[in-house]
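Pasting input28.txt here (compact mmCIF, C-alpha atoms):
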```txt
# COMPACT_ATOMS: atom_id res chain seq x y z
CA MET S 1 -64.09 54.50 -171.01
CA ALA S 2 -66.66 54.01 -173.78
CA ALA S 3 -68.73 56.85 -172.34
CA LEU S 4 -65.83 59.23 -172.96
CA LEU S 5 -65.66 58.45 -176.66
CA PRO S 6 -67.72 60.49 -179.14
CA ARG S 7 -70.69 58.89 -180.81
CA PRO S 8 -69.64 57.43 -184.19
CA ALA S 9 -71.85 59.91 -186.04
CA ALA S 10 -70.16 62.81 -184.21
CA ALA S 11 -66.59 61.75 -185.02
CA ARG S 12 -64.58 63.80 -187.53
CA PHE S 13 -61.47 62.65 -189.37
CA LEU S 14 -58.85 64.80 -191.09
CA VAL S 15 -56.64 63.12 -193.68
CA MET S 16 -53.46 64.85 -194.83
CA LEU S 17 -51.86 63.40 -197.97
CA ARG S 18 -48.42 64.01 -199.38
CA ALA S 19 -47.27 63.50 -202.98
CA PRO S 20 -46.78 59.70 -203.10
CA ALA S 21 -43.22 59.56 -204.44
CA ASP S 22 -42.04 62.21 -201.95
CA ARG S 23 -43.76 60.40 -199.08
CA ALA S 24 -42.17 57.07 -200.01
CA ILE S 25 -38.69 58.61 -200.21
CA SER S 26 -39.19 60.37 -196.87
CA HIS S 27 -40.52 57.18 -195.26
CA LEU S 28 -37.50 55.19 -196.41
CA SER S 29 -35.19 57.91 -195.13
CA MET S 30 -36.86 57.75 -191.71
CA LEU S 31 -36.59 53.95 -191.56
CA THR S 32 -32.92 54.14 -192.51
CA LYS S 33 -32.25 56.55 -189.64
CA LEU S 34 -34.14 54.34 -187.19
CA ALA S 35 -32.21 51.27 -188.33
CA ARG S 36 -28.92 53.08 -187.74
CA ARG S 37 -30.10 53.94 -184.23
CA GLY S 38 -30.63 50.26 -183.50
CA GLU S 39 -34.39 49.89 -183.99
CA ALA S 40 -34.75 46.16 -184.65
CA TRP S 41 -37.97 46.33 -186.68
CA ALA S 42 -36.45 48.91 -189.02
CA GLN S 43 -33.31 46.81 -189.35
CA ILE S 44 -35.43 43.83 -190.38
CA TYR S 45 -37.03 45.91 -193.12
CA LEU S 46 -33.64 47.10 -194.34
CA TYR S 47 -31.79 43.82 -193.84
CA ARG S 48 -30.36 44.02 -197.34
CA ASN S 49 -27.76 46.73 -197.64
CA VAL S 50 -28.95 48.28 -200.90
CA SER S 51 -29.30 51.86 -202.05
CA ALA S 52 -32.51 53.83 -201.63
CA ASP S 53 -32.98 53.80 -205.40
CA THR S 54 -32.69 50.02 -205.58
CA LYS S 55 -35.04 49.50 -202.62
CA LEU S 56 -37.75 51.85 -203.91
CA LEU S 57 -37.70 50.54 -207.48
CA ALA S 58 -37.69 46.92 -206.32
CA GLU S 59 -40.80 47.53 -204.22
CA ALA S 60 -42.52 49.29 -207.11
CA ARG S 61 -41.78 46.36 -209.43
CA ALA S 62 -43.01 43.85 -206.85
CA ILE S 63 -46.27 45.71 -206.36
CA GLY S 64 -46.64 46.12 -210.11
CA ARG S 65 -46.36 42.37 -210.61
CA CYS S 66 -48.87 41.75 -207.84
CA THR S 67 -51.46 44.22 -209.10
CA ALA S 68 -50.99 43.09 -212.71
CA SER S 69 -52.39 39.70 -211.77
CA ARG S 70 -55.81 41.38 -211.66
CA GLY S 71 -55.53 43.13 -215.01
CA PRO S 72 -53.89 46.44 -215.98
CA LYS S 73 -52.45 47.92 -212.81
CA GLY S 74 -54.65 45.60 -210.79
CA ALA S 75 -57.88 47.05 -212.10
CA ALA S 76 -60.95 45.20 -210.94
CA PRO S 77 -63.76 44.56 -213.45
CA GLY S 78 -65.72 47.74 -214.08
CA HIS S 79 -63.08 50.00 -212.59
CA ALA S 80 -60.42 52.22 -214.14
CA PRO S 81 -56.74 51.21 -214.15
CA GLY S 82 -55.19 52.00 -210.79
CA HIS S 83 -58.23 50.90 -208.82
CA LEU S 84 -57.35 48.30 -206.19
CA SER S 85 -59.68 46.72 -203.70
CA PRO S 86 -58.54 47.25 -200.10
CA LYS S 87 -57.96 43.50 -199.82
CA ARG S 88 -55.81 43.39 -202.94
CA TRP S 89 -53.89 46.47 -201.84
CA HIS S 90 -53.13 44.83 -198.50
CA GLU S 91 -52.01 41.62 -200.17
CA CYS S 92 -49.66 43.45 -202.51
CA VAL S 93 -48.20 45.55 -199.72
CA ALA S 94 -47.84 42.77 -197.17
CA VAL S 95 -46.90 39.92 -199.50
CA ALA S 96 -45.24 41.39 -202.57
CA CYS S 97 -43.07 43.74 -200.51
CA GLY S 98 -42.40 41.20 -197.79
CA PHE S 99 -43.22 43.60 -194.95
CA HIS S 100 -46.33 45.46 -193.79
CA ALA S 101 -44.50 48.82 -193.78
CA CYS S 102 -43.74 48.68 -197.50
CA VAL S 103 -42.96 52.34 -198.12
CA VAL S 104 -43.97 52.36 -201.79
CA GLY S 105 -47.25 50.56 -201.16
CA GLN S 106 -48.34 52.88 -198.38
CA SER S 107 -48.38 55.77 -200.85
CA ILE S 108 -51.12 54.07 -202.89
CA TYR S 109 -53.85 56.06 -201.21
CA GLU S 110 -57.08 55.29 -203.07
CA PRO S 111 -57.99 51.92 -201.48
CA GLN S 112 -57.11 53.27 -198.04
CA ILE S 113 -59.15 56.46 -198.41
CA ARG S 114 -62.06 54.56 -199.94
CA THR S 115 -62.21 52.33 -196.85
CA TRP S 116 -62.63 55.40 -194.64
CA LEU S 117 -65.19 57.00 -196.94
CA ASN S 118 -67.18 53.76 -197.07
CA THR S 119 -67.07 53.41 -193.28
CA PHE S 120 -68.04 56.96 -192.35
CA THR S 121 -70.25 59.56 -193.99
CA ALA S 122 -68.87 62.20 -196.34
CA ARG S 123 -69.51 64.82 -193.65
CA GLN S 124 -67.16 63.01 -191.27
CA VAL S 125 -64.04 62.70 -193.42
CA ARG S 126 -62.16 65.57 -195.02
CA VAL S 127 -59.06 65.05 -197.15
CA PHE S 128 -56.33 67.67 -197.48
CA THR S 129 -52.92 67.66 -199.12
CA LEU S 130 -49.62 69.20 -198.11
CA ASP S 131 -49.65 70.95 -201.47
CA GLU S 132 -52.71 72.94 -200.41
CA PHE S 133 -51.09 73.74 -197.09
CA GLU S 134 -47.94 74.99 -198.78
CA VAL S 135 -49.82 77.32 -201.14
CA ALA S 136 -52.46 78.71 -198.76
CA PRO S 137 -52.03 77.52 -195.15
CA ARG S 138 -54.48 80.02 -193.66
CA ALA S 139 -57.19 79.08 -196.14
CA VAL S 140 -56.73 75.41 -195.29
CA LEU S 141 -56.84 76.18 -191.57
CA ARG S 142 -60.11 78.05 -192.07
CA ARG S 143 -61.55 75.01 -193.84
CA ILE S 144 -60.39 72.83 -190.96
CA GLU S 145 -62.05 75.21 -188.48
CA SER S 146 -65.30 74.96 -190.39
CA PHE S 147 -65.12 71.19 -190.76
CA LEU S 148 -64.44 70.64 -187.05
CA ASP S 149 -66.80 73.43 -185.99
CA LEU S 150 -64.01 75.16 -184.09
CA GLY S 151 -63.38 78.74 -183.18
CA PRO S 152 -60.52 80.60 -184.87
CA PHE S 153 -57.08 79.07 -184.47
CA PRO S 154 -54.69 81.01 -182.18
CA ARG S 155 -52.40 83.54 -183.81
CA LEU S 156 -49.43 81.27 -183.10
CA VAL S 157 -50.95 78.61 -185.36
CA LEU S 158 -51.95 81.05 -188.09
CA ASN S 159 -48.50 82.65 -188.19
CA TRP S 160 -46.59 79.38 -188.12
CA LYS S 161 -44.21 78.86 -191.05
CA TRP S 162 -46.06 75.87 -192.46
CA ALA S 163 -43.97 75.88 -195.64
CA TRP S 164 -41.05 74.34 -193.71
CA ASN S 165 -42.02 70.91 -195.03
CA ALA S 166 -41.72 71.96 -198.68
CA GLY S 167 -37.99 72.54 -198.41
CA LYS S 168 -37.45 69.19 -196.73
CA THR S 169 -39.46 67.50 -199.45
CA LYS S 170 -37.19 68.92 -202.13
CA ARG S 171 -34.06 67.88 -200.25
CA ARG S 172 -35.35 64.34 -199.71
CA ALA S 173 -36.35 64.03 -203.35
CA GLY S 174 -32.75 64.89 -204.14
CA SER S 175 -31.58 61.88 -202.10
CA VAL S 176 -32.49 59.58 -205.00
CA ALA S 177 -31.54 59.78 -208.65
CA PRO S 178 -33.80 61.89 -210.89
CA GLU S 179 -34.54 58.76 -212.93
CA THR S 180 -35.78 57.01 -209.79
CA LEU S 181 -38.09 59.89 -208.92
CA LYS S 182 -39.48 59.89 -212.47
CA ALA S 183 -39.99 56.12 -212.36
CA LEU S 184 -41.86 56.38 -209.07
CA ARG S 185 -44.10 59.11 -210.42
CA ARG S 186 -44.89 56.97 -213.47
CA PHE S 187 -45.65 54.04 -211.18
CA TYR S 188 -48.04 56.07 -209.03
CA ALA S 189 -49.77 57.85 -211.93
CA PRO S 190 -52.66 55.37 -212.44
CA PHE S 191 -53.19 55.02 -208.70
CA ASN S 192 -53.27 58.80 -208.33
CA GLU S 193 -55.80 59.00 -211.14
CA ALA S 194 -58.02 56.53 -209.29
CA LEU S 195 -57.67 58.64 -206.14
CA VAL S 196 -58.61 61.83 -207.98
CA THR S 197 -61.71 60.12 -209.40
CA LEU S 198 -62.71 58.90 -205.95
CA LEU S 199 -62.23 62.30 -204.32
CA ARG S 200 -64.29 64.07 -206.98
CA LYS S 201 -67.11 61.55 -206.63
CA ARG S 202 -67.09 61.93 -202.86
CA GLY S 203 -67.22 65.73 -202.81
CA GLN S 204 -63.55 66.50 -202.10
CA PRO S 205 -62.70 68.75 -205.08
CA ALA S 206 -59.84 70.74 -203.52
CA ALA S 207 -57.89 67.61 -202.59
CA ALA S 208 -58.68 66.10 -206.00
CA ASP S 209 -57.30 69.16 -207.80
CA ALA S 210 -54.09 69.05 -205.75
CA ALA S 211 -53.64 65.30 -206.26
CA SER S 212 -54.14 65.68 -210.01
CA ARG S 213 -50.91 67.69 -210.13
CA TRP S 214 -48.71 65.19 -208.30
CA ASP S 215 -47.48 63.43 -211.42
CA ARG S 216 -46.27 66.70 -212.93
CA GLY S 217 -43.60 67.08 -210.26
```

Show how you would write the structure in this file as structure tokens.
Amino acid sequence: MAALLPRPAAARFLVMLRAPADRAISHLSMLTKLARRGEAWAQIYLYRNVSADTKLLAEARAIGRCTASRGPKGAAPGHAPGHLSPKRWHECVAVACGFHACVVGQSIYEPQIRTWLNTFTARQVRVFTLDEFEVAPRAVLRRIESFLDLGPFPRLVLNWKWAWNAGKTKRRAGSVAPETLKALRRFYAPFNEALVTLLRKRGQPAAADAASRWDRG
């Protein structure tokens, strides 16, 4: 089995990120549907019958309290606000939220991406965003081809209506109150700033530019 796996240095990883608030809302919507279908693990997560707004804001407050114990927004010494160590991120997601699938915490990308970038070389990990895909899907696909050293994607892939996800994002964002969406974007702002800084330092300017616009809605 091991012989079939690529050498670590030959492995390539694509990371696709979504605007954090939109991803959290979508994640909660998915868990709600699974709970209604009888999935026990989702029912455990949603054992309290509260609204999506209440659930999302409660998680954000819990994580905020957890990260604040290490300074402004959990900043470690020598780092900007919004920077969390992977260990601290895991603690705040698993403990403060009471469940490892904490939907708000999973949208704090910087400590997760940094772990990958510290484990593999910059040439092995490429970060993209759904925002880039929505604006210029063919350009993103060409970058993926180059990164993976692939031939051209089939016409079916190139002509696919990749913007389908944008409409769903807008509808899901409408499933919570505008005030909740604004509060989530404020919550994520320092963490997004830390992510943008990381991506620029690690040679991922396109993803950094897209992520820098997340807080503007």

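Note that CA of Met16 (chain S) and CA of Arg126 (chain S) are 8.7 Å apart.
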
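Here CA of Ile113 (chain S) is placed at a distance of 16.6 Å from CA of Cys92 (chain S).
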
Counting all atoms listed in the file, find residues at most 12 Å from (-66.1, 60.9, -205.9) (file frame) and give them as a PyMOL selection string. chain S and resi 110+113-114+117-118+122+127+193-208

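Shortest atom-to-atom contact with Asp22 (chain S) among S:Ser107, S:Thr54, S:Gln124, S:Gln112: S:Ser107, counting all atoms listed in the file.
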
Between CA of Glu179 (chain S) and CA of Ile44 (chain S), what is the distance in Å, rounded to a tenth? 27.1 Å

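Closest approach to Ala24 (chain S) among S:Ala52, S:Ala94, S:Ala11, S:Val140: S:Ala52, based on only C-alpha atoms.
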
Pick the closest to Ala183 (chain S) from S:Lys33, S:Arg12, S:Arg155, S:Arg61: which is it, counting only C-alpha atoms? S:Arg61

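Nearest-residue note for Leu31 (chain S): choosing from S:Val103, S:Cys66, S:Val157, S:Leu184, the minimum distance belongs to S:Val103, counting all atoms listed in the file.
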
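Among the candidates S:Arg213, S:Arg88, S:Arg185, S:Arg138, the one nearest to Pro20 (chain S) when counting all atoms listed in the file is S:Arg185.
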
Please return as a PyMOL selection string every residue within 9 Å of (-43.2, 42.3, -203.5), taking into account all atoms listed in the file and the file's own coordinates. chain S and resi 58-66+92-99+102

Could those residues be written to a file, using C-alpha atoms, as a CSV table (one decimal), keeping the file's coordinate frame?
```
chain,number,residue,atom,x,y,z
S,58,ALA,CA,-37.7,46.9,-206.3
S,59,GLU,CA,-40.8,47.5,-204.2
S,60,ALA,CA,-42.5,49.3,-207.1
S,61,ARG,CA,-41.8,46.4,-209.4
S,62,ALA,CA,-43.0,43.8,-206.8
S,63,ILE,CA,-46.3,45.7,-206.4
S,64,GLY,CA,-46.6,46.1,-210.1
S,65,ARG,CA,-46.4,42.4,-210.6
S,66,CYS,CA,-48.9,41.8,-207.8
S,92,CYS,CA,-49.7,43.4,-202.5
S,93,VAL,CA,-48.2,45.6,-199.7
S,94,ALA,CA,-47.8,42.8,-197.2
S,95,VAL,CA,-46.9,39.9,-199.5
S,96,ALA,CA,-45.2,41.4,-202.6
S,97,CYS,CA,-43.1,43.7,-200.5
S,98,GLY,CA,-42.4,41.2,-197.8
S,99,PHE,CA,-43.2,43.6,-195.0
S,102,CYS,CA,-43.7,48.7,-197.5
```

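Considering all atoms listed in the file, the residue among S:Trp160, S:Phe128, S:Tyr45, S:Phe13 positioned nearest to Thr32 (chain S) is S:Tyr45.
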